[in-house]
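Report on one structure; see the data block that follows.
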Amino acid sequence: MPRTTGTTFTAQQLETRYRNSFGRAAGYLPKNRAALDAWLEDFSRGVHERRARNAIVRRRSVDDLARLIERDGIVRMYVSLMIDKANELHPDAKHRVNDIPDLLDHLDCIVTSTPEYHPQGDPDRNFFPLSSLFVYMMMTEPGYAVFRDQGFNRALLGILREWCAHLDSDDSQEVVNRTDGWLSPAAWDELGLDQFRIDPDDPHGGFPSYNAFFHRELKDDARPIDGDPNVVVSANDGRVVRIRRNIEHRDEQFWAKGQLYSLADMLDGSDLTDSFIGGDVFQSFLSGGDYHRWHAPVTGVVRSARVVEALMFTELEGVEEPNAGTQSQVYGASVNTRGLVFIEAPAPIGMVCVMPLGMTEISSVTLTARPGDQVTKGDQLGYFSYGGSSMCLLFQKGAIGEFLVPDNTTGDMEKGDPIKVNAGIARTTGRA
């Protein structure tokens, strides 16, 4: 029976915790935990072999994390304990992260890696190396603590940005190919690539980098816009996570069972917070194959647009819960890196907040809309670079008469109803 100090996991609870992790539910991590363990051991073996050849180059961002750990005794304690306790969860591994220097070497190797395409059913299918590296560490008491530490989080953000720069560069272009890569026949069918703008004459589809492929653009006719002025459309492709009405200004237990939304925390102290009291939240998540740009759900004027740099690799305790993945997304709406785009629409809709959430890996939220922009329903507002992602739409009290898609009451992210950008998700009261 795997154990951690302060928290005890049965084998079944450990399996449940992994099944409900965001990376697995979103399709980035292997469905089978045994495949994850095999990937971890293989990756660690490669790191150790590179170190034996003196072939690991220390990256600046990883060096920044090393200096933080060295000078901050509390962070150093948590990281050391996190590694030890994570290893107790899979004690039979021959190759793994053994200590802090070993963790730093693993991060150095990830910063210059590029996700390779593996077809569905392939046991080597694993698109999230950082989530894989951290998955057991995040299940431990010291892991919960250190991934919420602001200094550690800032250092980790630096690593993610350096990796994002690699994925933005032409060094990452090689995996976007038509033989066994992201443009291969298997990928074409799985990802529905016929819906996207891809150069048929270019061996890389016209994409200069992996990230350019990841936030690829749709063809003009791929997502028709619902033109009914009384209909609010989806800002993104994905699946419904949760719909909640009559939201409170502040819920002092937004992290607890039942997962309530807390406006004051979600909106980061915005002076518009009070205008959403008693309103509605519509949350969805984007899987790996989904379109990763997001669009205006209503017509109006952008009154404010900014990114809140916050947490990335933090999830809820309570691994025994079968809906831990869903609950972690609701929790993430209050604590994760997120965009806040406020659009003022004509009555009866009023103010709407579009809140893209960065979750795990890059957590890169790029806004293309600016304050003062006049946007029409369906106009692009921004996009995610490589990484996990979720989306919240917030509406004022009385704006929404009914939602046109059902709430997800299963507690399972993967079982929510599918939604498509520009398709109707709600109808207004129709009263100005």
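We name chains A, B, ... following the order of the structure tokens; residues begin at 1 in each chain, and ligands are numbered from 1 as shown.
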Write out as a list in words each polymer residue whose atoms come within 12 Å of Pro208 in chain A, counting only C-alpha atoms; drop sequence neighbours fewer than 5 positions from it. His166, Leu167, Asp168, Ser169, Asp170, Asp171, Ser172, Gln173, Glu174, Val175, Val176, Asn177, Ile198, Asp199, Asp202, Pro203, Phe213, Phe214, His215 and Arg216 of chain A
Each range 48-124 of chain A residue no farther than 9 Å from range 21-31 of chain A, nearest pair in Å, only C-alpha atoms, as a tab-separated table:
```
residue	atom	partner	partner_atom	distance
A:Asp122	CA	A:Pro30	CA	8.9
A:Pro123	CA	A:Pro30	CA	7.1
A:Asp124	CA	A:Pro30	CA	7.7
```
Going by DSSP on the backbone, which bits of range 241-397 of chain A are strand (DSSP E)? Write them as number ranges by chain, please. A: 241-245, 280-286, 293-295, 300-308, 338-344, 351-359, 365-367, 374-375, 380-384, 388-395
Gly238 in chain A surroundings by only C-alpha atoms, 10 Å radius, close-in-sequence under 3 positions cut, as JSON, numbers by chain: {"A": [26, 234, 235, 241, 283, 284, 285, 286, 287, 288, 289, 290, 291, 292, 389, 390, 391, 413, 414, 416, 417, 418, 419, 420, 421]}
Could you list, as a ChimeraX atom specification, every residue within 9 Å of Val233 in chain A, counting only C-alpha atoms and ignoring same-chain residues fewer than 4 positions away? /A:225-226,296-298,377-378,420-427
Could you take the residues named above and write them with N, CA and C atoms, as a short mmCIF file (atom, residue, chain, number, x, y, z; two decimals), in the first residue's frame?
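Result went into result_39.cif, see below:
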```
data_model
loop_
_atom_site.label_atom_id
_atom_site.label_comp_id
_atom_site.auth_asym_id
_atom_site.auth_seq_id
_atom_site.Cartn_x
_atom_site.Cartn_y
_atom_site.Cartn_z
N ILE A 225 -21.34 30.92 -37.08
CA ILE A 225 -21.76 31.68 -35.89
C ILE A 225 -23.27 31.71 -35.80
N ASP A 226 -23.80 31.38 -34.62
CA ASP A 226 -25.23 31.49 -34.39
C ASP A 226 -25.59 32.97 -34.39
N ALA A 296 -15.22 35.72 -29.06
CA ALA A 296 -16.21 36.49 -28.29
C ALA A 296 -17.55 35.76 -28.28
N PRO A 297 -18.11 35.53 -27.08
CA PRO A 297 -19.42 34.88 -27.01
C PRO A 297 -20.58 35.84 -27.28
N VAL A 298 -20.29 37.14 -27.24
CA VAL A 298 -21.31 38.17 -27.44
C VAL A 298 -20.71 39.33 -28.23
N LYS A 377 -19.78 39.08 -32.07
CA LYS A 377 -19.87 37.68 -31.68
C LYS A 377 -19.11 36.82 -32.69
N GLY A 378 -18.14 36.02 -32.17
CA GLY A 378 -17.34 35.18 -33.04
C GLY A 378 -15.95 35.72 -33.31
N LYS A 420 -18.95 23.56 -29.37
CA LYS A 420 -18.11 24.08 -30.44
C LYS A 420 -18.15 25.60 -30.42
N VAL A 421 -17.00 26.20 -30.68
CA VAL A 421 -16.92 27.65 -30.72
C VAL A 421 -17.94 28.20 -31.72
N ASN A 422 -18.59 29.29 -31.35
CA ASN A 422 -19.59 30.00 -32.15
C ASN A 422 -20.96 29.35 -32.18
N ALA A 423 -21.12 28.17 -31.54
CA ALA A 423 -22.44 27.53 -31.45
C ALA A 423 -23.15 27.98 -30.18
N GLY A 424 -24.46 28.05 -30.20
CA GLY A 424 -25.21 28.55 -29.07
C GLY A 424 -25.08 27.70 -27.82
N ILE A 425 -24.88 28.36 -26.66
CA ILE A 425 -24.85 27.66 -25.37
C ILE A 425 -25.89 28.22 -24.39
N ALA A 426 -26.42 29.41 -24.68
CA ALA A 426 -27.38 30.02 -23.74
C ALA A 426 -28.26 31.00 -24.49
N ARG A 427 -29.44 31.23 -23.91
CA ARG A 427 -30.36 32.21 -24.46
C ARG A 427 -30.63 33.27 -23.41
#
```
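The two atoms in question, CA of Pro356 in chain A and CA of Asn230 in chain A, are spaced 23.3 Å apart.
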Contacts of Thr360 in chain A at 12 Å (only C-alpha atoms; same-chain gap of 6+ positions) as JSON, numbers by chain: {"A": [21, 22, 23, 24, 26, 28, 29, 127, 128, 129, 130, 131, 132, 133, 134, 135, 138, 147, 153, 156, 157, 160, 310, 311, 312, 313, 314, 315, 328, 329, 332, 336, 337, 338, 384, 385, 386, 387, 388, 389, 390]}
For the residues in that selection, give me C-alpha atoms as a PDB file, in the first residue's frame.
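Everything below was put into again01.pdb:
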```pdb
ATOM      1  CA  SER A  21      -5.914  14.188 -13.100  1.00  0.00           C
ATOM      2  CA  PHE A  22      -6.389  16.969 -15.630  1.00  0.00           C
ATOM      3  CA  GLY A  23      -3.649  15.706 -17.945  1.00  0.00           C
ATOM      4  CA  ARG A  24      -5.147  12.244 -18.239  1.00  0.00           C
ATOM      5  CA  ALA A  26      -7.571  16.013 -21.301  1.00  0.00           C
ATOM      6  CA  TYR A  28      -2.255  14.398 -22.775  1.00  0.00           C
ATOM      7  CA  LEU A  29      -1.186  11.635 -20.382  1.00  0.00           C
ATOM      8  CA  PHE A 127       2.259  14.633 -24.622  1.00  0.00           C
ATOM      9  CA  PHE A 128       2.883  16.223 -21.210  1.00  0.00           C
ATOM     10  CA  PRO A 129       6.418  15.547 -19.917  1.00  0.00           C
ATOM     11  CA  LEU A 130       6.194  18.016 -17.031  1.00  0.00           C
ATOM     12  CA  SER A 131       2.836  16.713 -15.861  1.00  0.00           C
ATOM     13  CA  SER A 132       4.266  13.203 -16.093  1.00  0.00           C
ATOM     14  CA  LEU A 133       7.329  14.190 -14.112  1.00  0.00           C
ATOM     15  CA  PHE A 134       5.243  15.901 -11.433  1.00  0.00           C
ATOM     16  CA  VAL A 135       2.189  13.624 -11.283  1.00  0.00           C
ATOM     17  CA  MET A 138       1.733  16.549  -6.763  1.00  0.00           C
ATOM     18  CA  PHE A 147       3.389  23.913  -5.917  1.00  0.00           C
ATOM     19  CA  ASN A 153       5.756  28.950  -8.864  1.00  0.00           C
ATOM     20  CA  LEU A 156       8.644  27.186 -12.523  1.00  0.00           C
ATOM     21  CA  LEU A 157       6.967  29.793 -14.741  1.00  0.00           C
ATOM     22  CA  LEU A 160       7.777  26.953 -18.751  1.00  0.00           C
ATOM     23  CA  ALA A 310      -0.852  32.727 -10.814  1.00  0.00           C
ATOM     24  CA  LEU A 311      -0.493  28.999 -10.081  1.00  0.00           C
ATOM     25  CA  MET A 312      -0.153  26.258 -12.684  1.00  0.00           C
ATOM     26  CA  PHE A 313       0.510  22.807 -11.227  1.00  0.00           C
ATOM     27  CA  THR A 314      -1.834  22.833  -8.273  1.00  0.00           C
ATOM     28  CA  GLU A 315      -4.733  20.459  -7.721  1.00  0.00           C
ATOM     29  CA  SER A 328      -9.643  20.713  -9.496  1.00  0.00           C
ATOM     30  CA  GLN A 329     -10.817  22.694 -12.540  1.00  0.00           C
ATOM     31  CA  GLY A 332      -8.275  26.334 -10.602  1.00  0.00           C
ATOM     32  CA  ASN A 336      -4.593  29.440 -11.667  1.00  0.00           C
ATOM     33  CA  THR A 337      -3.028  31.667 -14.297  1.00  0.00           C
ATOM     34  CA  ARG A 338      -5.953  33.127 -16.229  1.00  0.00           C
ATOM     35  CA  PHE A 384      -3.509  29.107 -25.693  1.00  0.00           C
ATOM     36  CA  SER A 385      -0.011  27.943 -26.553  1.00  0.00           C
ATOM     37  CA  TYR A 386       0.947  24.394 -25.664  1.00  0.00           C
ATOM     38  CA  GLY A 387      -0.547  23.324 -22.381  1.00  0.00           C
ATOM     39  CA  GLY A 388      -3.698  22.344 -20.588  1.00  0.00           C
ATOM     40  CA  SER A 389      -6.609  24.685 -20.667  1.00  0.00           C
ATOM     41  CA  SER A 390     -10.088  25.413 -19.350  1.00  0.00           C
TER      42      SER A 390
END
```
For Asp63 in chain A, which residue among A:Val146, A:Leu267, A:Leu104, A:Val352 is the nearest when counting only C-alpha atoms? A:Leu104
Using only C-alpha atoms, which of the listed residues (A:Asp99, A:Asp92, A:Glu344, A:Asp268) sits closest to Arg76 in chain A? A:Asp99
Residue nearest Ala55 in chain A - candidates A:Trp182, A:Cys109, A:Gly411, A:Ser209, atoms counted: only C-alpha atoms: A:Cys109
Please list as a ChimeraX atom specification every residue within 9 Å of Tyr261 in chain A, counting only C-alpha atoms and excluding residues in the same chain fewer than 3 positions away. /A:244,247-251,254,265-266,281,330-331,333-334
Surrounding residues of Leu183 in chain A excluding itself and chain neighbours under 2 positions, 10 Å, only C-alpha atoms, as a list of chain:residue names: A:Tyr117, A:Val175, A:Val176, A:Asn177, A:Arg178, A:Thr179, A:Asp180, A:Gly181, A:Pro185, A:Ala186, A:Ala187, A:Trp188, A:Asp189, A:Leu191, A:Leu193, A:Ile198, A:Pro203, A:His204, A:Gly205, A:Phe213
Which value, in Å to one decimal, gives the distance between CA of Leu260 in chain A and CA of Tyr136 in chain A?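 If I compute the distance from CA of Leu260 in chain A to CA of Tyr136 in chain A, I get 26.5 Å.
Interatomic distance, CA of Ala35 in chain A against CA of Thr409 in chain A: 29.5 Å.
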For the structure I just gave you, how does DSSP split range 19-73 of chain A - specifically, which residues are alpha helix (DSSP H)? Reply as a PyMOL selection string. chain A and resi 19+22-25+33-52+60-71+73
Between A:Gly269, A:Gly358, A:Gly372, A:Pro348, which is the closest to Cys392 in chain A once you count only C-alpha atoms?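 Checking each of A:Gly269, A:Gly358, A:Gly372, A:Pro348 against Cys392 in chain A, counting only C-alpha atoms, the winner is A:Gly358.
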Looking at A:Asp149, A:Met139, A:Ile110, A:Pro119, which one is nearest to Asn20 in chain A, with distances taken over only C-alpha atoms?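 Residue with the minimum atom-to-atom distance to Asn20 in chain A: A:Met139.
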